[in-house]
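Visitor: Got a file for you: data-v4.cif, mmCIF, C-alpha atoms.
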data_my_file
#
loop_
_atom_site.group_PDB
_atom_site.id
_atom_site.type_symbol
_atom_site.label_atom_id
_atom_site.label_comp_id
_atom_site.auth_asym_id
_atom_site.auth_seq_id
_atom_site.Cartn_x
_atom_site.Cartn_y
_atom_site.Cartn_z
ATOM 1 C CA MET M 1012 9.244 15.013 6.481
ATOM 2 C CA CYS M 1013 7.299 13.465 3.646
ATOM 3 C CA VAL M 1014 7.075 15.038 0.180
ATOM 4 C CA ALA M 1015 5.031 13.566 -2.644
ATOM 5 C CA ASP M 1016 4.405 14.586 -6.231
ATOM 6 C CA GLY M 1017 2.205 12.128 -8.054
ATOM 7 C CA LYS M 1018 3.787 8.729 -7.543
ATOM 8 C CA LYS M 1019 7.135 10.286 -6.613
ATOM 9 C CA LEU M 1020 7.878 10.190 -2.896
ATOM 10 C CA ALA M 1021 10.655 11.289 -0.534
ATOM 11 C CA ILE M 1022 10.739 10.563 3.191
ATOM 12 C CA VAL M 1023 13.309 12.091 5.542
ATOM 13 C CA LEU M 1024 13.515 11.063 9.200
ATOM 14 C CA LYS M 1025 15.962 12.959 11.432
ATOM 15 C CA TYR M 1026 16.915 11.601 14.843
ATOM 16 C CA GLY M 1027 19.991 13.643 15.754
ATOM 17 C CA ASP M 1028 21.925 10.649 17.091
ATOM 18 C CA LEU M 1029 25.587 10.349 16.031
ATOM 19 C CA ASN M 1030 25.294 6.608 15.371
ATOM 20 C CA TYR M 1031 21.867 6.784 13.759
ATOM 21 C CA PRO M 1032 21.277 10.310 12.451
ATOM 22 C CA GLY M 1033 18.202 9.441 10.423
ATOM 23 C CA GLU M 1034 16.841 7.959 7.227
ATOM 24 C CA TYR M 1035 16.271 9.068 3.658
ATOM 25 C CA PHE M 1036 14.138 7.154 1.154
ATOM 26 C CA ALA M 1037 13.089 8.403 -2.273
ATOM 27 C CA TYR M 1038 11.332 7.142 -5.367
ATOM 28 C CA ASP M 1039 11.552 9.413 -8.418
ATOM 29 C CA GLY M 1040 9.041 7.481 -10.513
ATOM 30 C CA LYS M 1041 11.796 5.265 -11.934
ATOM 31 C CA ASP M 1042 14.488 4.528 -9.347
ATOM 32 C CA VAL M 1043 14.615 4.090 -5.578
ATOM 33 C CA SER M 1044 17.392 5.685 -3.539
ATOM 34 C CA VAL M 1045 18.193 5.461 0.144
ATOM 35 C CA GLY M 1046 20.589 7.333 2.382
ATOM 36 C CA HIS M 1047 23.559 6.100 4.382
ATOM 37 C CA ILE M 1048 23.948 6.439 8.148
ATOM 38 C CA SER M 1049 27.710 6.729 7.663
ATOM 39 C CA PRO M 1050 29.867 6.585 4.515
ATOM 40 C CA GLY M 1051 29.135 3.319 2.733
ATOM 41 C CA GLN M 1052 26.837 1.989 5.475
ATOM 42 C CA ARG M 1053 23.066 1.782 5.285
ATOM 43 C CA SER M 1054 20.810 1.175 8.254
ATOM 44 C CA PRO M 1055 19.027 -2.209 8.306
ATOM 45 C CA LEU M 1056 15.793 -0.446 7.270
ATOM 46 C CA ALA M 1057 17.432 1.427 4.373
ATOM 47 C CA ASP M 1058 19.180 -1.751 3.247
ATOM 48 C CA PHE M 1059 15.861 -3.632 3.302
ATOM 49 C CA LEU M 1060 14.158 -0.958 1.174
ATOM 50 C CA PHE M 1061 17.152 -0.823 -1.170
ATOM 51 C CA ARG M 1062 17.060 -4.606 -1.671
ATOM 52 C CA HIS M 1063 13.274 -4.681 -2.059
ATOM 53 C CA LYS M 1064 12.750 -1.583 -4.193
ATOM 54 C CA GLY M 1065 9.326 -2.814 -5.238
ATOM 55 C CA ILE M 1066 7.952 -1.672 -1.861
ATOM 56 C CA MET M 1067 8.411 1.953 -2.858
ATOM 57 C CA LYS M 1068 7.649 1.377 -6.524
ATOM 58 C CA GLU M 1069 4.316 -0.218 -5.565
ATOM 59 C CA GLY M 1070 3.513 2.777 -3.333
ATOM 60 C CA LEU M 1071 3.460 0.712 -0.138
ATOM 61 C CA LEU M 1072 5.733 3.054 1.828
ATOM 62 C CA GLY M 1073 4.198 6.310 2.953
ATOM 63 C CA GLY M 1074 0.600 5.194 2.714
ATOM 64 C CA VAL M 1075 -1.964 7.779 1.728
ATOM 65 C CA PHE M 1076 0.675 10.542 1.623
ATOM 66 C CA SER M 1077 1.218 9.539 -2.009
ATOM 67 C CA ILE M 1078 -1.207 8.845 -4.844
ATOM 68 C CA GLY M 1079 0.957 5.778 -5.392
ATOM 69 C CA TRP M 1080 -0.778 4.145 -2.375
ATOM 70 C CA PRO M 1081 -2.056 0.952 -4.012
ATOM 71 C CA LEU M 1082 -5.466 0.948 -2.345
ATOM 72 C CA LEU M 1083 -6.432 4.351 -3.796
ATOM 73 C CA ASN M 1084 -7.006 3.045 -7.316
ATOM 74 C CA LEU M 1085 -7.060 -0.736 -7.522
ATOM 75 C CA LYS M 1086 -8.118 -0.730 -11.170
ATOM 76 C CA GLU M 1087 -4.642 0.499 -12.174
ATOM 77 C CA LYS M 1088 -2.810 -2.094 -10.091
ATOM 78 C CA GLN M 1089 -2.294 -5.734 -11.011
ATOM 79 C CA VAL M 1090 -2.874 -7.155 -7.530
ATOM 80 C CA GLU M 1091 -4.952 -9.692 -5.697
ATOM 81 C CA LEU M 1092 -6.364 -8.895 -2.263
ATOM 82 C CA GLU M 1093 -7.511 -11.261 0.448
ATOM 83 C CA TYR M 1094 -9.512 -9.925 3.396
ATOM 84 C CA ARG M 1095 -9.959 -11.276 6.913
ATOM 85 C CA GLU M 1096 -10.561 -9.910 10.383
ATOM 86 C CA THR M 1097 -7.879 -10.435 13.009
ATOM 87 C CA THR M 1098 -6.778 -9.366 16.469
ATOM 88 C CA ILE M 1099 -3.246 -8.156 17.257
ATOM 89 C CA ASP M 1100 -2.277 -7.163 20.800
ATOM 90 C CA GLY M 1101 -5.958 -7.174 21.766
ATOM 91 C CA ARG M 1102 -6.873 -4.751 18.981
ATOM 92 C CA ARG M 1103 -9.456 -5.809 16.383
ATOM 93 C CA LEU M 1104 -8.186 -5.103 12.877
ATOM 94 C CA HIS M 1105 -9.073 -5.533 9.227
ATOM 95 C CA GLU M 1106 -6.282 -7.487 7.519
ATOM 96 C CA ILE M 1107 -5.704 -7.263 3.787
ATOM 97 C CA GLU M 1108 -3.119 -9.521 2.206
ATOM 98 C CA TYR M 1109 -1.709 -7.652 -0.777
ATOM 99 C CA ARG M 1110 -0.413 -9.854 -3.606
ATOM 100 C CA PRO M 1111 1.193 -7.992 -6.511
ATOM 101 C CA LYS M 1112 1.215 -9.877 -9.806
ATOM 102 C CA ASP M 1113 4.659 -8.896 -11.072
ATOM 103 C CA SER M 1114 7.015 -7.488 -8.463
ATOM 104 C CA LEU M 1115 7.698 -8.521 -4.864
ATOM 105 C CA ARG M 1116 6.971 -12.190 -5.580
ATOM 106 C CA ASP M 1117 9.240 -13.319 -2.727
ATOM 107 C CA MET M 1118 7.232 -11.292 -0.242
ATOM 108 C CA LYS M 1119 3.972 -11.622 1.660
ATOM 109 C CA ILE M 1120 2.491 -8.227 2.439
ATOM 110 C CA LYS M 1121 -0.282 -7.665 4.954
ATOM 111 C CA LEU M 1122 -1.912 -4.292 5.569
ATOM 112 C CA TYR M 1123 -3.801 -3.704 8.819
ATOM 113 C CA PHE M 1124 -6.567 -1.179 9.460
ATOM 114 C CA ASP M 1125 -8.410 -0.202 12.634
ATOM 115 C CA GLN M 1126 -11.925 -1.687 12.578
ATOM 116 C CA GLU M 1127 -13.536 1.441 14.027
ATOM 117 C CA THR M 1128 -11.782 4.203 12.059
ATOM 118 C CA ASN M 1129 -10.493 2.211 9.040
ATOM 119 C CA ARG M 1130 -7.143 3.969 9.447
ATOM 120 C CA HIS M 1131 -4.005 2.163 8.335
ATOM 121 C CA VAL M 1132 -2.108 1.134 11.480
ATOM 122 C CA ARG M 1133 0.470 -1.412 10.360
ATOM 123 C CA THR M 1134 2.083 -3.126 7.389
ATOM 124 C CA GLU M 1135 3.867 -6.448 7.713
ATOM 125 C CA TYR M 1136 6.362 -7.744 5.163
ATOM 126 C CA ARG M 1137 7.422 -11.373 5.163
ATOM 127 C CA VAL M 1138 10.341 -12.129 2.911
ATOM 128 C CA ARG M 1139 10.905 -15.541 1.394
ATOM 129 C CA VAL M 1140 14.307 -16.786 2.579
ATOM 130 C CA ARG M 1141 15.712 -19.774 0.759
ATOM 131 C CA ASP M 1142 17.309 -22.541 2.781
ATOM 132 C CA ASP M 1143 19.738 -22.963 -0.103
ATOM 133 C CA MET M 1144 22.020 -19.959 0.431
ATOM 134 C CA SER M 1145 23.882 -20.463 -2.854
ATOM 135 C CA GLY M 1146 21.607 -17.917 -4.517
ATOM 136 C CA ARG M 1147 21.401 -20.042 -7.677
ATOM 137 C CA ARG M 1148 18.076 -19.839 -9.474
ATOM 138 C CA GLU M 1149 18.799 -21.375 -12.865
ATOM 139 C CA ALA M 1150 15.249 -22.617 -13.432
ATOM 140 C CA ALA M 1151 13.580 -19.343 -12.483
ATOM 141 C CA ARG M 1152 13.168 -16.460 -14.902
ATOM 142 C CA PRO M 1153 14.558 -13.099 -13.777
ATOM 143 C CA GLY M 1154 12.303 -11.514 -11.170
ATOM 144 C CA GLN M 1155 10.521 -14.764 -10.316
ATOM 145 C CA ALA M 1156 10.990 -17.011 -7.319
ATOM 146 C CA ASP M 1157 12.034 -20.615 -7.696
ATOM 147 C CA PHE M 1158 9.354 -22.322 -5.648
ATOM 148 C CA ARG M 1159 10.860 -25.792 -6.125
ATOM 149 C CA ARG M 1160 13.442 -25.079 -3.438
ATOM 150 C CA PRO M 1161 12.555 -25.337 0.233
ATOM 151 C CA ALA M 1162 11.889 -21.910 1.695
ATOM 152 C CA ARG M 1163 10.463 -20.204 4.702
ATOM 153 C CA TYR M 1164 9.109 -16.739 5.319
ATOM 154 C CA GLN M 1165 10.834 -14.446 7.767
ATOM 155 C CA ARG M 1166 8.808 -11.728 9.470
ATOM 156 C CA LEU M 1167 10.337 -8.249 9.352
#
Will you turn the file into C-alpha cells for me?
Guide:
Amino acid sequence: MCVADGKKLAIVLKYGDLNYPGEYFAYDGKDVSVGHISPGQRSPLADFLFRHKGIMKEGLLGGVFSIGWPLLNLKEKQVELEYRETTIDGRRLHEIEYRPKDSLRDMKIKLYFDQETNRHVRTEYRVRVRDDMSGRREAARPGQADFRRPARYQRL
C-alpha cells in the first residue's frame, strides 16, 4: 500500500511471514519513520532508509506516487543530473545520475528508465564507506563528507 499527500508518503508492504512480516516507511514532511520486524529490530532495508533519511526526504522512494518525486519539478530541487545510455541484463536503459547539492553527499544515486516506454525501472544507491572505521570527521562540517580520507563506494 502506498499513500501520498503532497510530499508526505507512507509505504506499507505486508508479507505474512513470521520472521519478516513486512515493512513500513513514512515521511511526514519533516521526519522519516520506519517499522520494526520484531521489537527493537529493523530489517536491513528499514535500517538503510532510517540511516539515510534523505532518500525519503528527497522523494526518491516511491517514485511518481508522490509529488516529492524529484524529476517532476527540477526547478524546485537543488540537484545536478548527468545522463547516459546503458545496458543492464541485456536491456537498454536511460541512466540518470542524481546528485543532490545538500543532502545524501555520501551517496551516488542512479535512476534507470526503459528506453522504449521511459518508465522508471530501477534505482541504484551507492554509499560511500570509509576505510577508516573510527567514524571521526573532525575536518568535515556536519552533513558533509570528509573526502580527504580513502573511501570506496558500496553498491546496495
Visitor: Using all atoms listed in the file, tabulate the residues of stretch 1070-1111 of chain M lying at most 8 Å from any atom of stretch 1126-1140 of chain M, each with its closest atom pair and that distance in Å to one decimal, by chain and increasing residue number, as JSON lines.
Guide:
{"residue": "M:Gly1074", "atom": "CA", "partner": "M:His1131", "partner_atom": "CA", "distance": 7.9}
{"residue": "M:Arg1103", "atom": "CA", "partner": "M:Gln1126", "partner_atom": "CA", "distance": 6.1}
{"residue": "M:Leu1104", "atom": "CA", "partner": "M:Gln1126", "partner_atom": "CA", "distance": 5.1}
{"residue": "M:His1105", "atom": "CA", "partner": "M:Gln1126", "partner_atom": "CA", "distance": 5.8}
Visitor: Quick one: pull the distance between atom CA of M:Val1043 and atom CA of M:Leu1083, Å, one decimal.
Guide: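 Separating atom CA of M:Val1043 from atom CA of M:Leu1083 is a distance of 21.1 Å.
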Visitor: Tell me which residues the PyMOL selection byres ((chain M and resi 1093) around 12) grabs here, as a PDB file with C-alpha atoms, keeping the file's coordinate frame.
Guide:
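And here's part_14.pdb as it stands now:
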ATOM      1  CA  VAL M1090      -2.874  -7.155  -7.530  1.00  0.00           C
ATOM      2  CA  GLU M1091      -4.952  -9.692  -5.697  1.00  0.00           C
ATOM      3  CA  LEU M1092      -6.364  -8.895  -2.263  1.00  0.00           C
ATOM      4  CA  TYR M1094      -9.512  -9.925   3.396  1.00  0.00           C
ATOM      5  CA  ARG M1095      -9.959 -11.276   6.913  1.00  0.00           C
ATOM      6  CA  GLU M1096     -10.561  -9.910  10.383  1.00  0.00           C
ATOM      7  CA  HIS M1105      -9.073  -5.533   9.227  1.00  0.00           C
ATOM      8  CA  GLU M1106      -6.282  -7.487   7.519  1.00  0.00           C
ATOM      9  CA  ILE M1107      -5.704  -7.263   3.787  1.00  0.00           C
ATOM     10  CA  GLU M1108      -3.119  -9.521   2.206  1.00  0.00           C
ATOM     11  CA  TYR M1109      -1.709  -7.652  -0.777  1.00  0.00           C
ATOM     12  CA  ARG M1110      -0.413  -9.854  -3.606  1.00  0.00           C
ATOM     13  CA  PRO M1111       1.193  -7.992  -6.511  1.00  0.00           C
ATOM     14  CA  LYS M1119       3.972 -11.622   1.660  1.00  0.00           C
ATOM     15  CA  ILE M1120       2.491  -8.227   2.439  1.00  0.00           C
ATOM     16  CA  LYS M1121      -0.282  -7.665   4.954  1.00  0.00           C
ATOM     17  CA  LEU M1122      -1.912  -4.292   5.569  1.00  0.00           C
ATOM     18  CA  TYR M1123      -3.801  -3.704   8.819  1.00  0.00           C
TER      19      TYR M1123
END
Visitor: For M:Leu1060, list every protein, DNA or RNA residue within 12 Å, evaluated using only C-alpha atoms, and leave out those in the same chain fewer than 2 positions away; present the list as a PyMOL selection string.
Guide: chain M and resi 1034-1038+1042-1046+1053-1058+1062-1069+1071-1072+1115+1136+1138+1167
Visitor: Name the closest residue to M:Asp1016 among the candidates M:Ile1099, M:Leu1085, M:Met1118, M:Ile1078; distances are taken between atoms, counting all atoms listed in the file.
Guide: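 Result for the nearest residue to M:Asp1016: M:Ile1078.
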Visitor: Quick check, in Å to one decimal: how far apart do atom CA of M:Ile1048 and atom CA of M:Ala1015 lie?
Guide: 22.9 Å
